[in-house]
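Everything on this sheet refers to the single structure shown next.
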Amino acid sequence: MKELILQVKGLGKSFGGIQAVNNVSFNVEKNQIMAIIGPNGAGKTTLFNLITGFNHPDAGQKIFRGESFENAKPHEIAALGIARTFQNLSIFGNLTTCQNVMVGRHTRSKGEFFCSALGLTRVIKQEKSIRREALQFLEFVGLADKADKMAGNLPYGEQKLLETARALAIEPELLLLDEPAAGLNDKETEDMSNIIKEIQKKGTTVLLVEHDMSLVMNISDHILVLNYGVNIAVGTPEDIQKNPLVIKAYLGEELDECIA
Amino acid sequence: MTKHNLPLYLLFSLAILLFPFLIANEYFLTVMIVIGINALVALGLILLIGFTGQLSLCQAAFYGIGAYTTGVLSAKFSFNPWFSIAVGIVMACCLAFVLGLPALKLKGHYLAMATLGFGEIINIVFKEWGNLTGGPSGLIGIPQLALGGFMFDTDLRYYLLVWFIVLVVIAILFNLTNSRIGRGLLSIKHSEEAAASLGVAVATYKIKIFMCCAALGALGGGLYAHYITVISPEAFDVFHSIVLIIMVVTGGLTYIEGGVIGAFLFTLIPELLQAVEDYSIITYGFILLFILMFMPQGIAGLFNSGIKKIKGHLFNKVNVL
């Protein structure tokens, strides 16, 4: 059995009368790519928000590297080594591409208000190394030549890459990508899937939500299927493609029910 | 300090140092002292509104807390003026913490609403706590500052003191905003979710920066009280808070320079327009409208993009050659 990096046990969350996530349990093995799929409104993004602390679970347990972190706030979870991107891009448009990634180095650099205000030499030295490191992450996604452009002026596909680079700048052990290929054309989707494979090669575990099935089937080691907030199947891409429950969730029942 | 703003900073410091010796005019010195004090108060707002994206409508109240705390302590209880200025700053920080703790944990405009009410309450306290603050007629007999045997009793001496402090504060703010903290603040302004997802402690940073903002306001208030020696509540009312916001918007919210430029402009405008003083509110309204329509980045923004354009033209020519 491989080492588990994330364990989710019986996680639940309801908004008013709607049970968005209901008793979901799964494990993520270290250094694998796991995809979460499901129809719209299945609770995929809510599950991400629960893991990263943006929503508070009503029930259940989440364990990262053997330690539970139910009460951690989002920024504390980032410091633990869990990074994420957002479904509706949330880059800092008025900062340059490089500055965006430099924000990602926040947990990997030191100096609070007082030290920074004094402008000590070690703070200035650190600034230089933060920029150098940020450029390496931009290089990794192929945006190094756009480092000093305003991030808001980049085309959509490049903004997606930038957001990924920014999350990687945390040097996370677990990276959560919320619909990395949404809105991308075929070429960009292929680039993105190559980048995700590269991230895995670097030793980072990836958990992703995605609607693009060819991407999901191509790169995932395991797939988790949600429907109406319930975990209906877990398995390898081959298992999932054959699973009758999954087919029902996506395509509906056999013909006679439609006629009725 | 970065290599981009260091030359301009040194040039500005030199100009400030030489000014009183080139223009030996008491009136101009007085105006420059008030500009320096306003700049301190405005710089606090630049940090809070321009860098962190939180709106406060009570900066004049912190300015007043700084002025009244030191005024009351030194005039009524004969405390050392420097000590009482420090007490004023600590007081403003504590109040900012208590006010910010609930308001800043929530998203949206809660801070603006809470500060609007807070500013009004503080102003009522200044007016009604008569036996301590002197009520509407004001607090008199605030001593002048002295350091050892050296009295800051002439305008020239006070000018040098105030601008020395302003220049130190500007240097500190340049350092702060060009560090990981400054980037953290900017990230909060753009998206609190994204900032938190990258490890920025959003709530803590917002409260800390609100306290910094209040501290700068109180520092300005303390220097004001010991310069004017007579203070009255209307200088610290909600309208003045709004004027301070117009000041930083006009100067350029996202630039440290913007606070200083705004202070220059809005200290000079009332001096120039003394004849039409009754219409000052309308004048300010028009200025704000004009700035928002034609230069939303403020004067400092216009200045910076101008420099960028000139640099661009120069480099283009070099490339053609």
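Quick note on naming: the chains in the structure tokens go A, B, ... in the order shown, residues restart at 1 in each chain, and ligands are numbered from 1 in order of appearance.
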Identify, on the basis of only C-alpha atoms, every residue whose closest approach to Ile89 (chain B) does not exceed 7 Å; exclude the query and any residue fewer than 6 positions from it along the same chain; express the result as a PyMOL selection string. chain B and resi 66+215+218-219
Store the residues picked out above, limited to C-alpha atoms, as an mmCIF file, in the first residue's frame.
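The resulting file, again18.cif, is reproduced below:
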data_model
loop_
_atom_site.group_PDB
_atom_site.id
_atom_site.type_symbol
_atom_site.label_atom_id
_atom_site.label_comp_id
_atom_site.auth_asym_id
_atom_site.auth_seq_id
_atom_site.Cartn_x
_atom_site.Cartn_y
_atom_site.Cartn_z
ATOM 1 C CA GLY B 66 -3.805 61.872 18.650
ATOM 2 C CA ALA B 215 -1.108 55.340 14.328
ATOM 3 C CA ALA B 218 -2.555 60.028 15.662
ATOM 4 C CA LEU B 219 1.088 60.948 15.035
#
With 7 Å as the limit and counting only C-alpha atoms, what residues in chain A lie close to chain B? Please list them as a ChimeraX atom specification. /A:74-76,78-79,83-84,90,92,103-104,106-107,112-113,116-119,127,167,170
C-alpha atoms of the current selection, written as a PDB file, in the first residue's frame:
ATOM      1  CA  PRO A  74      -7.121  28.855   4.491  1.00  0.00           C
ATOM      2  CA  HIS A  75      -3.766  30.604   4.937  1.00  0.00           C
ATOM      3  CA  GLU A  76      -2.677  28.019   7.503  1.00  0.00           C
ATOM      4  CA  ALA A  78      -1.500  26.916   2.410  1.00  0.00           C
ATOM      5  CA  ALA A  79       1.394  26.957   4.874  1.00  0.00           C
ATOM      6  CA  ALA A  83      -2.153  24.901  -2.808  1.00  0.00           C
ATOM      7  CA  ARG A  84      -5.174  25.506  -5.000  1.00  0.00           C
ATOM      8  CA  SER A  90      -8.534  34.802  -9.529  1.00  0.00           C
ATOM      9  CA  PHE A  92      -4.149  39.760  -9.358  1.00  0.00           C
ATOM     10  CA  VAL A 103       2.894  36.520  -3.799  1.00  0.00           C
ATOM     11  CA  GLY A 104       2.959  32.727  -4.014  1.00  0.00           C
ATOM     12  CA  HIS A 106       4.764  34.310   0.785  1.00  0.00           C
ATOM     13  CA  THR A 107       4.900  31.178   2.923  1.00  0.00           C
ATOM     14  CA  GLU A 112       6.860  40.443   9.242  1.00  0.00           C
ATOM     15  CA  PHE A 113       5.870  44.126   9.322  1.00  0.00           C
ATOM     16  CA  SER A 116      10.206  44.642   6.258  1.00  0.00           C
ATOM     17  CA  ALA A 117       9.631  48.282   7.244  1.00  0.00           C
ATOM     18  CA  LEU A 118      13.256  48.692   8.315  1.00  0.00           C
ATOM     19  CA  GLY A 119      14.498  47.575   4.895  1.00  0.00           C
ATOM     20  CA  GLU A 127      13.437  40.125  -2.393  1.00  0.00           C
ATOM     21  CA  ALA A 167      -0.006  27.958  -6.796  1.00  0.00           C
ATOM     22  CA  ILE A 170       4.081  27.628  -2.629  1.00  0.00           C
TER      23      ILE A 170
END
Tell me, counting only C-alpha atoms, for each residue of region 52-89 of chain B within 12 Å of region 100-107 of chain B, which pair of atoms is nearest and how far apart they are in Å to one decimal, in rows ordered by chain and increasing number, as CSV.
residue,atom,partner,partner_atom,distance
B:Thr52,CA,B:Leu104,CA,11.4
B:Gly53,CA,B:Lys107,CA,11.2
B:Gln54,CA,B:Leu104,CA,8.5
B:Leu55,CA,B:Leu104,CA,10.4
B:Ser56,CA,B:Gly100,CA,10.2
B:Cys58,CA,B:Gly100,CA,11.9
Just C-alpha atoms for this one: save the residues we selected as an mmCIF file, in the first residue's frame.
data_model
loop_
_atom_site.group_PDB
_atom_site.id
_atom_site.type_symbol
_atom_site.label_atom_id
_atom_site.label_comp_id
_atom_site.auth_asym_id
_atom_site.auth_seq_id
_atom_site.Cartn_x
_atom_site.Cartn_y
_atom_site.Cartn_z
ATOM 1 C CA THR B 52 -5.116 46.931 1.257
ATOM 2 C CA GLY B 53 -8.391 48.033 -0.329
ATOM 3 C CA GLN B 54 -10.247 48.738 2.939
ATOM 4 C CA LEU B 55 -12.227 51.974 3.228
ATOM 5 C CA SER B 56 -12.081 53.956 6.471
ATOM 6 C CA CYS B 58 -12.757 57.926 10.431
#
So which residues touch region 22-34 of chain A within 9 Å, counting only C-alpha atoms, skipping near sequence neighbours fewer than 5 positions away, as a PyMOL selection string? chain A and resi 2-14+43+47+59-61+173-174+196-197+200-209+216+219-224+226+228-231+234
Take the selection from the previous step and output its residues with N, CA and C atoms, as a compact mmCIF listing (two decimals), in the first residue's frame.
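So part17.txt came out as:
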# COMPACT_ATOMS: atom_id res chain seq x y z
N LYS A 2 0.53 2.18 -0.87
CA LYS A 2 1.32 3.40 -0.98
C LYS A 2 0.98 4.36 0.16
N GLU A 3 1.87 5.31 0.36
CA GLU A 3 1.68 6.31 1.42
C GLU A 3 0.50 7.23 1.07
N LEU A 4 -0.37 7.47 2.05
CA LEU A 4 -1.52 8.35 1.80
C LEU A 4 -1.15 9.78 2.18
N ILE A 5 -1.41 10.72 1.25
CA ILE A 5 -1.09 12.11 1.58
C ILE A 5 -2.31 12.82 2.15
N LEU A 6 -3.49 12.47 1.62
CA LEU A 6 -4.72 13.11 2.10
C LEU A 6 -5.78 12.04 2.33
N GLN A 7 -6.39 12.09 3.51
CA GLN A 7 -7.51 11.19 3.79
C GLN A 7 -8.72 12.04 4.12
N VAL A 8 -9.82 11.77 3.45
CA VAL A 8 -11.06 12.48 3.72
C VAL A 8 -12.06 11.44 4.21
N LYS A 9 -12.63 11.68 5.40
CA LYS A 9 -13.53 10.69 6.00
C LYS A 9 -14.88 11.30 6.33
N GLY A 10 -15.91 10.88 5.62
CA GLY A 10 -17.28 11.27 5.94
C GLY A 10 -17.54 12.76 5.92
N LEU A 11 -16.90 13.47 4.99
CA LEU A 11 -17.05 14.91 4.94
C LEU A 11 -18.45 15.31 4.49
N GLY A 12 -19.07 16.28 5.17
CA GLY A 12 -20.41 16.74 4.80
C GLY A 12 -20.54 18.23 4.95
N LYS A 13 -21.35 18.82 4.07
CA LYS A 13 -21.61 20.25 4.16
C LYS A 13 -22.95 20.56 3.54
N SER A 14 -23.80 21.30 4.26
CA SER A 14 -25.06 21.71 3.64
C SER A 14 -25.18 23.22 3.71
N GLY A 43 -21.10 19.10 -6.33
CA GLY A 43 -20.41 19.38 -5.07
C GLY A 43 -18.91 19.31 -5.17
N LEU A 47 -16.35 20.58 -2.32
CA LEU A 47 -15.39 19.65 -1.72
C LEU A 47 -14.00 20.29 -1.66
N ALA A 59 -19.55 17.99 9.04
CA ALA A 59 -19.22 16.68 9.61
C ALA A 59 -17.99 16.14 8.91
N GLY A 60 -17.34 15.17 9.55
CA GLY A 60 -16.25 14.48 8.88
C GLY A 60 -14.89 14.93 9.32
N GLN A 61 -13.91 14.27 8.74
CA GLN A 61 -12.52 14.46 9.13
C GLN A 61 -11.67 14.63 7.89
N GLU A 173 2.84 20.18 -1.44
CA GLU A 173 2.91 18.73 -1.59
C GLU A 173 1.66 18.22 -2.27
N LEU A 174 0.57 18.98 -2.07
CA LEU A 174 -0.70 18.63 -2.70
C LEU A 174 -1.23 19.86 -3.43
N ILE A 196 0.54 19.37 -16.11
CA ILE A 196 0.09 18.63 -14.93
C ILE A 196 0.92 17.36 -14.76
N LYS A 197 1.24 16.69 -15.89
CA LYS A 197 2.09 15.49 -15.79
C LYS A 197 3.48 15.85 -15.28
N GLN A 200 3.46 16.29 -11.61
CA GLN A 200 3.49 14.99 -10.94
C GLN A 200 4.92 14.44 -10.91
N LYS A 201 5.64 14.60 -12.03
CA LYS A 201 7.02 14.10 -12.09
C LYS A 201 7.90 14.78 -11.06
N LYS A 202 7.60 16.06 -10.77
CA LYS A 202 8.40 16.80 -9.77
C LYS A 202 8.10 16.32 -8.35
N GLY A 203 7.12 15.42 -8.21
CA GLY A 203 6.85 14.85 -6.89
C GLY A 203 5.66 15.45 -6.17
N THR A 204 4.87 16.26 -6.89
CA THR A 204 3.71 16.87 -6.26
C THR A 204 2.47 16.03 -6.55
N THR A 205 1.66 15.83 -5.55
CA THR A 205 0.40 15.12 -5.74
C THR A 205 -0.64 16.10 -6.28
N VAL A 206 -1.44 15.66 -7.25
CA VAL A 206 -2.41 16.57 -7.86
C VAL A 206 -3.83 16.03 -7.68
N LEU A 207 -4.71 16.91 -7.22
CA LEU A 207 -6.13 16.57 -7.13
C LEU A 207 -6.83 17.58 -8.02
N LEU A 208 -7.59 17.11 -9.01
CA LEU A 208 -8.19 18.09 -9.91
C LEU A 208 -9.66 17.82 -10.18
N VAL A 209 -10.38 18.91 -10.39
CA VAL A 209 -11.78 18.84 -10.82
C VAL A 209 -11.77 19.21 -12.29
N VAL A 216 -9.11 14.09 -18.39
CA VAL A 216 -9.22 13.33 -17.15
C VAL A 216 -8.76 11.89 -17.36
N ILE A 219 -4.76 11.57 -17.98
CA ILE A 219 -3.69 11.82 -17.01
C ILE A 219 -3.95 11.25 -15.62
N SER A 220 -5.23 10.88 -15.31
CA SER A 220 -5.52 10.51 -13.92
C SER A 220 -5.07 9.10 -13.60
N ASP A 221 -4.59 8.91 -12.38
CA ASP A 221 -4.34 7.57 -11.87
C ASP A 221 -5.61 7.02 -11.23
N HIS A 222 -6.35 7.90 -10.56
CA HIS A 222 -7.61 7.51 -9.94
C HIS A 222 -8.66 8.57 -10.22
N ILE A 223 -9.91 8.14 -10.22
CA ILE A 223 -11.01 9.08 -10.43
C ILE A 223 -12.05 8.87 -9.35
N LEU A 224 -12.57 10.00 -8.84
CA LEU A 224 -13.65 9.97 -7.86
C LEU A 224 -14.85 10.60 -8.54
N LEU A 226 -18.63 12.17 -8.18
CA LEU A 226 -19.65 12.70 -7.27
C LEU A 226 -20.94 12.92 -8.03
N TYR A 228 -24.86 14.66 -6.86
CA TYR A 228 -25.67 15.22 -5.78
C TYR A 228 -24.94 15.15 -4.44
N GLY A 229 -23.67 15.46 -4.45
CA GLY A 229 -22.91 15.52 -3.21
C GLY A 229 -22.50 14.17 -2.64
N VAL A 230 -22.90 13.07 -3.34
CA VAL A 230 -22.57 11.74 -2.84
C VAL A 230 -21.48 11.12 -3.71
N ASN A 231 -20.57 10.45 -3.05
CA ASN A 231 -19.50 9.76 -3.72
C ASN A 231 -20.05 8.46 -4.32
N VAL A 234 -15.27 5.20 -7.08
CA VAL A 234 -13.85 5.54 -7.08
C VAL A 234 -13.13 4.44 -7.83
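CA of Gly252 (chain B) is positioned 26.5 Å from CA of Asp278 (chain B).
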Contacts of Leu253 (chain B) within 10 Å, only C-alpha atoms, excl. fewer than 2 positions in-chain, as a ChimeraX atom specification: /B:42-43,45-51,53,245-251,255-259,262,296-301
Could you save the residues just selected, with N, CA and C atoms, as a PDB file, in the first residue's frame?
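As a result, result_8.pdb now contains:
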ATOM      1  N   ALA B  42      -2.509  61.419   5.665  1.00  0.00           N
ATOM      2  CA  ALA B  42      -2.909  60.853   4.374  1.00  0.00           C
ATOM      3  C   ALA B  42      -2.157  59.558   4.079  1.00  0.00           C
ATOM      4  N   LEU B  43      -0.891  59.478   4.489  1.00  0.00           N
ATOM      5  CA  LEU B  43      -0.106  58.272   4.209  1.00  0.00           C
ATOM      6  C   LEU B  43      -0.717  57.045   4.875  1.00  0.00           C
ATOM      7  N   LEU B  45      -3.871  56.567   5.250  1.00  0.00           N
ATOM      8  CA  LEU B  45      -4.986  56.156   4.385  1.00  0.00           C
ATOM      9  C   LEU B  45      -4.494  55.473   3.117  1.00  0.00           C
ATOM     10  N   ILE B  46      -3.359  55.938   2.588  1.00  0.00           N
ATOM     11  CA  ILE B  46      -2.789  55.306   1.386  1.00  0.00           C
ATOM     12  C   ILE B  46      -2.548  53.822   1.656  1.00  0.00           C
ATOM     13  N   LEU B  47      -1.945  53.534   2.829  1.00  0.00           N
ATOM     14  CA  LEU B  47      -1.691  52.135   3.194  1.00  0.00           C
ATOM     15  C   LEU B  47      -2.990  51.342   3.247  1.00  0.00           C
ATOM     16  N   LEU B  48      -3.992  51.933   3.899  1.00  0.00           N
ATOM     17  CA  LEU B  48      -5.231  51.191   4.154  1.00  0.00           C
ATOM     18  C   LEU B  48      -6.083  51.074   2.893  1.00  0.00           C
ATOM     19  N   ILE B  49      -6.334  52.214   2.229  1.00  0.00           N
ATOM     20  CA  ILE B  49      -7.239  52.184   1.067  1.00  0.00           C
ATOM     21  C   ILE B  49      -6.483  51.758  -0.188  1.00  0.00           C
ATOM     22  N   GLY B  50      -5.348  52.385  -0.429  1.00  0.00           N
ATOM     23  CA  GLY B  50      -4.638  52.164  -1.684  1.00  0.00           C
ATOM     24  C   GLY B  50      -3.990  50.797  -1.775  1.00  0.00           C
ATOM     25  N   PHE B  51      -3.421  50.324  -0.675  1.00  0.00           N
ATOM     26  CA  PHE B  51      -2.694  49.060  -0.743  1.00  0.00           C
ATOM     27  C   PHE B  51      -3.525  47.869  -0.282  1.00  0.00           C
ATOM     28  N   GLY B  53      -7.043  48.021   0.224  1.00  0.00           N
ATOM     29  CA  GLY B  53      -8.391  48.033  -0.329  1.00  0.00           C
ATOM     30  C   GLY B  53      -9.503  48.093   0.703  1.00  0.00           C
ATOM     31  N   ILE B 245      -9.963  61.559   2.333  1.00  0.00           N
ATOM     32  CA  ILE B 245     -10.110  60.547   1.291  1.00  0.00           C
ATOM     33  C   ILE B 245      -9.977  61.192  -0.093  1.00  0.00           C
ATOM     34  N   ILE B 246     -10.612  62.359  -0.268  1.00  0.00           N
ATOM     35  CA  ILE B 246     -10.472  63.072  -1.553  1.00  0.00           C
ATOM     36  C   ILE B 246      -8.997  63.392  -1.792  1.00  0.00           C
ATOM     37  N   MET B 247      -8.317  63.740  -0.708  1.00  0.00           N
ATOM     38  CA  MET B 247      -6.888  64.059  -0.783  1.00  0.00           C
ATOM     39  C   MET B 247      -6.087  62.893  -1.368  1.00  0.00           C
ATOM     40  N   VAL B 248      -6.293  61.690  -0.826  1.00  0.00           N
ATOM     41  CA  VAL B 248      -5.482  60.557  -1.291  1.00  0.00           C
ATOM     42  C   VAL B 248      -5.921  60.063  -2.666  1.00  0.00           C
ATOM     43  N   VAL B 249      -7.223  60.197  -2.967  1.00  0.00           N
ATOM     44  CA  VAL B 249      -7.686  59.788  -4.302  1.00  0.00           C
ATOM     45  C   VAL B 249      -7.068  60.707  -5.344  1.00  0.00           C
ATOM     46  N   THR B 250      -7.049  62.005  -5.057  1.00  0.00           N
ATOM     47  CA  THR B 250      -6.478  62.967  -5.992  1.00  0.00           C
ATOM     48  C   THR B 250      -4.975  62.755  -6.139  1.00  0.00           C
ATOM     49  N   GLY B 251      -4.310  62.535  -5.024  1.00  0.00           N
ATOM     50  CA  GLY B 251      -2.859  62.355  -5.068  1.00  0.00           C
ATOM     51  C   GLY B 251      -2.465  61.089  -5.797  1.00  0.00           C
ATOM     52  N   TYR B 255       0.008  54.910  -4.748  1.00  0.00           N
ATOM     53  CA  TYR B 255       1.402  55.356  -4.676  1.00  0.00           C
ATOM     54  C   TYR B 255       1.645  56.042  -3.340  1.00  0.00           C
ATOM     55  N   ILE B 256       2.787  55.738  -2.713  1.00  0.00           N
ATOM     56  CA  ILE B 256       3.152  56.436  -1.479  1.00  0.00           C
ATOM     57  C   ILE B 256       3.241  57.942  -1.762  1.00  0.00           C
ATOM     58  N   GLU B 257       3.837  58.295  -2.916  1.00  0.00           N
ATOM     59  CA  GLU B 257       3.943  59.710  -3.279  1.00  0.00           C
ATOM     60  C   GLU B 257       2.584  60.389  -3.275  1.00  0.00           C
ATOM     61  N   GLY B 258       1.563  59.587  -3.620  1.00  0.00           N
ATOM     62  CA  GLY B 258       0.215  60.132  -3.741  1.00  0.00           C
ATOM     63  C   GLY B 258      -0.248  60.828  -2.474  1.00  0.00           C
ATOM     64  N   GLY B 259       0.116  60.269  -1.313  1.00  0.00           N
ATOM     65  CA  GLY B 259      -0.290  60.874  -0.051  1.00  0.00           C
ATOM     66  C   GLY B 259       0.313  62.265   0.115  1.00  0.00           C
ATOM     67  N   GLY B 262      -1.213  64.718  -2.530  1.00  0.00           N
ATOM     68  CA  GLY B 262      -2.558  65.093  -2.090  1.00  0.00           C
ATOM     69  C   GLY B 262      -2.512  66.094  -0.962  1.00  0.00           C
ATOM     70  N   PRO B 296      -8.027  58.350 -13.000  1.00  0.00           N
ATOM     71  CA  PRO B 296      -8.402  57.524 -11.852  1.00  0.00           C
ATOM     72  C   PRO B 296      -7.205  57.041 -11.038  1.00  0.00           C
ATOM     73  N   GLN B 297      -6.008  57.081 -11.612  1.00  0.00           N
ATOM     74  CA  GLN B 297      -4.823  56.689 -10.844  1.00  0.00           C
ATOM     75  C   GLN B 297      -4.274  57.855 -10.028  1.00  0.00           C
ATOM     76  N   GLY B 298      -4.931  59.022 -10.114  1.00  0.00           N
ATOM     77  CA  GLY B 298      -4.474  60.184  -9.366  1.00  0.00           C
ATOM     78  C   GLY B 298      -3.278  60.846 -10.039  1.00  0.00           C
ATOM     79  N   ILE B 299      -2.829  61.927  -9.403  1.00  0.00           N
ATOM     80  CA  ILE B 299      -1.733  62.690  -9.999  1.00  0.00           C
ATOM     81  C   ILE B 299      -0.444  61.868 -10.012  1.00  0.00           C
ATOM     82  N   ALA B 300      -0.201  61.118  -8.937  1.00  0.00           N
ATOM     83  CA  ALA B 300       1.007  60.282  -8.905  1.00  0.00           C
ATOM     84  C   ALA B 300       0.971  59.243 -10.023  1.00  0.00           C
ATOM     85  N   GLY B 301      -0.226  58.727 -10.330  1.00  0.00           N
ATOM     86  CA  GLY B 301      -0.368  57.747 -11.402  1.00  0.00           C
ATOM     87  C   GLY B 301      -0.037  58.351 -12.747  1.00  0.00           C
TER      88      GLY B 301
END
Skipping near chain neighbours, those fewer than 4 positions away, what residues fall within 8 Å of Gly141 (chain B) using only C-alpha atoms, listed as a PyMOL selection string? chain B and resi 75+229-230
Give me the residues within 10 Å of Phe69 (chain A) as a ChimeraX atom specification, counting only C-alpha atoms and dropping any in the same chain fewer than 5 places off. /A:51-53,61-64,76-77,80
If you run DSSP on the backbone here, which positions in region 7-242 of chain A get helix (DSSP H, G or I)? Please write them as a ChimeraX atom specification. /A:44-51,74-80,97-104,106-108,113-118,121-141,144-146,151-153,156-168,186-201,213-219,237-242
Fewer than 6 positions away in the same chain doesn't count, so skip those; otherwise give me all residues within 12 Å of Ile247 (chain A), counting only C-alpha atoms, as a ChimeraX atom specification. /A:38-39,225,227,232-233,239-241,253-254
Keeping only N, CA and C atoms, take the residues you just selected and write them out as a compact mmCIF listing (two decimals), in the first residue's frame.
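That gives us again_9.txt:
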# COMPACT_ATOMS: atom_id res chain seq x y z
N GLY A 38 -18.02 14.74 -12.11
CA GLY A 38 -19.43 14.67 -11.75
C GLY A 38 -20.18 15.76 -12.48
N PRO A 39 -21.50 15.58 -12.63
CA PRO A 39 -22.30 16.59 -13.34
C PRO A 39 -22.24 17.94 -12.60
N VAL A 225 -16.01 9.92 -8.48
CA VAL A 225 -17.20 10.48 -9.14
C VAL A 225 -18.21 10.91 -8.09
N ASN A 227 -22.07 12.69 -7.36
CA ASN A 227 -23.35 13.08 -7.93
C ASN A 227 -24.26 13.50 -6.77
N ILE A 232 -20.21 8.39 -5.67
CA ILE A 232 -20.83 7.19 -6.24
C ILE A 232 -19.84 6.18 -6.78
N ALA A 233 -18.60 6.58 -7.02
CA ALA A 233 -17.61 5.60 -7.50
C ALA A 233 -16.20 6.13 -7.33
N ASP A 239 -12.02 1.46 -14.83
CA ASP A 239 -13.14 1.05 -13.99
C ASP A 239 -14.30 2.03 -14.12
N ILE A 240 -13.96 3.32 -14.06
CA ILE A 240 -14.99 4.36 -14.05
C ILE A 240 -15.78 4.35 -15.36
N GLN A 241 -15.07 4.14 -16.49
CA GLN A 241 -15.76 4.16 -17.78
C GLN A 241 -16.80 3.05 -17.88
N GLU A 253 -31.16 7.26 -17.46
CA GLU A 253 -31.61 5.87 -17.49
C GLU A 253 -31.85 5.40 -18.92
N GLU A 254 -32.21 4.11 -19.05
CA GLU A 254 -32.51 3.55 -20.37
C GLU A 254 -33.74 4.21 -20.98
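Between Thr96 (chain A) and the candidates A:Leu120, A:Leu135, A:Ala181, A:Ile82, the tightest atom-to-atom separation, counting only C-alpha atoms, involves A:Leu135.
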Would you compute the distance between CA of His240 (chain B) and CA of Phe79 (chain B)? Give it in Å to one decimal. 28.3 Å
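Between CA of Lys242 (chain A) and CA of Asn49 (chain A) lies a distance of 29.3 Å.
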Could you give me the residues within region 9-116 of chain A that DSSP places in strand (DSSP E), as a PyMOL selection string? chain A and resi 9-15+18-29+33-37+59-64+67-68+82-84
Please produce a file of the residues just selected, as a PDB file, in the first residue's frame, where the atoms kept are C-alpha atoms.
ATOM      1  CA  LYS A   9     -13.526  10.692   5.996  1.00  0.00           C
ATOM      2  CA  GLY A  10     -17.279  11.268   5.942  1.00  0.00           C
ATOM      3  CA  LEU A  11     -17.049  14.914   4.940  1.00  0.00           C
ATOM      4  CA  GLY A  12     -20.406  16.738   4.803  1.00  0.00           C
ATOM      5  CA  LYS A  13     -21.607  20.251   4.163  1.00  0.00           C
ATOM      6  CA  SER A  14     -25.058  21.711   3.642  1.00  0.00           C
ATOM      7  CA  PHE A  15     -26.097  25.203   2.617  1.00  0.00           C
ATOM      8  CA  ILE A  18     -29.200  21.714   0.219  1.00  0.00           C
ATOM      9  CA  GLN A  19     -26.764  18.965   1.088  1.00  0.00           C
ATOM     10  CA  ALA A  20     -23.867  20.016  -1.169  1.00  0.00           C
ATOM     11  CA  VAL A  21     -21.456  17.360   0.050  1.00  0.00           C
ATOM     12  CA  ASN A  22     -22.773  14.284   1.833  1.00  0.00           C
ATOM     13  CA  ASN A  23     -20.607  11.791   3.668  1.00  0.00           C
ATOM     14  CA  VAL A  24     -17.781  11.795   1.130  1.00  0.00           C
ATOM     15  CA  SER A  25     -14.729   9.663   1.905  1.00  0.00           C
ATOM     16  CA  PHE A  26     -11.649   9.006  -0.190  1.00  0.00           C
ATOM     17  CA  ASN A  27      -7.869   8.724   0.034  1.00  0.00           C
ATOM     18  CA  VAL A  28      -5.240  10.371  -2.138  1.00  0.00           C
ATOM     19  CA  GLU A  29      -2.009   8.443  -2.535  1.00  0.00           C
ATOM     20  CA  ILE A  33      -3.022  12.419 -10.049  1.00  0.00           C
ATOM     21  CA  MET A  34      -6.569  12.062  -8.828  1.00  0.00           C
ATOM     22  CA  ALA A  35      -9.521  13.582 -10.648  1.00  0.00           C
ATOM     23  CA  ILE A  36     -12.917  14.438  -9.226  1.00  0.00           C
ATOM     24  CA  ILE A  37     -15.677  14.374 -11.829  1.00  0.00           C
ATOM     25  CA  ALA A  59     -19.220  16.684   9.613  1.00  0.00           C
ATOM     26  CA  GLY A  60     -16.252  14.478   8.885  1.00  0.00           C
ATOM     27  CA  GLN A  61     -12.515  14.455   9.135  1.00  0.00           C
ATOM     28  CA  LYS A  62      -9.665  15.500   6.868  1.00  0.00           C
ATOM     29  CA  ILE A  63      -6.139  14.295   7.454  1.00  0.00           C
ATOM     30  CA  PHE A  64      -3.050  15.600   5.656  1.00  0.00           C
ATOM     31  CA  GLU A  67      -2.444  14.970  10.894  1.00  0.00           C
ATOM     32  CA  SER A  68      -6.002  16.207  10.988  1.00  0.00           C
ATOM     33  CA  ILE A  82      -1.783  22.494   0.109  1.00  0.00           C
ATOM     34  CA  ALA A  83      -2.153  24.901  -2.808  1.00  0.00           C
ATOM     35  CA  ARG A  84      -5.174  25.506  -5.000  1.00  0.00           C
TER      36      ARG A  84
END
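When only C-alpha atoms are used to measure the gap to Lys128 (chain A), the shortest distance among A:Lys149, A:Lys248, A:Arg65, A:Arg105 belongs to A:Arg105.
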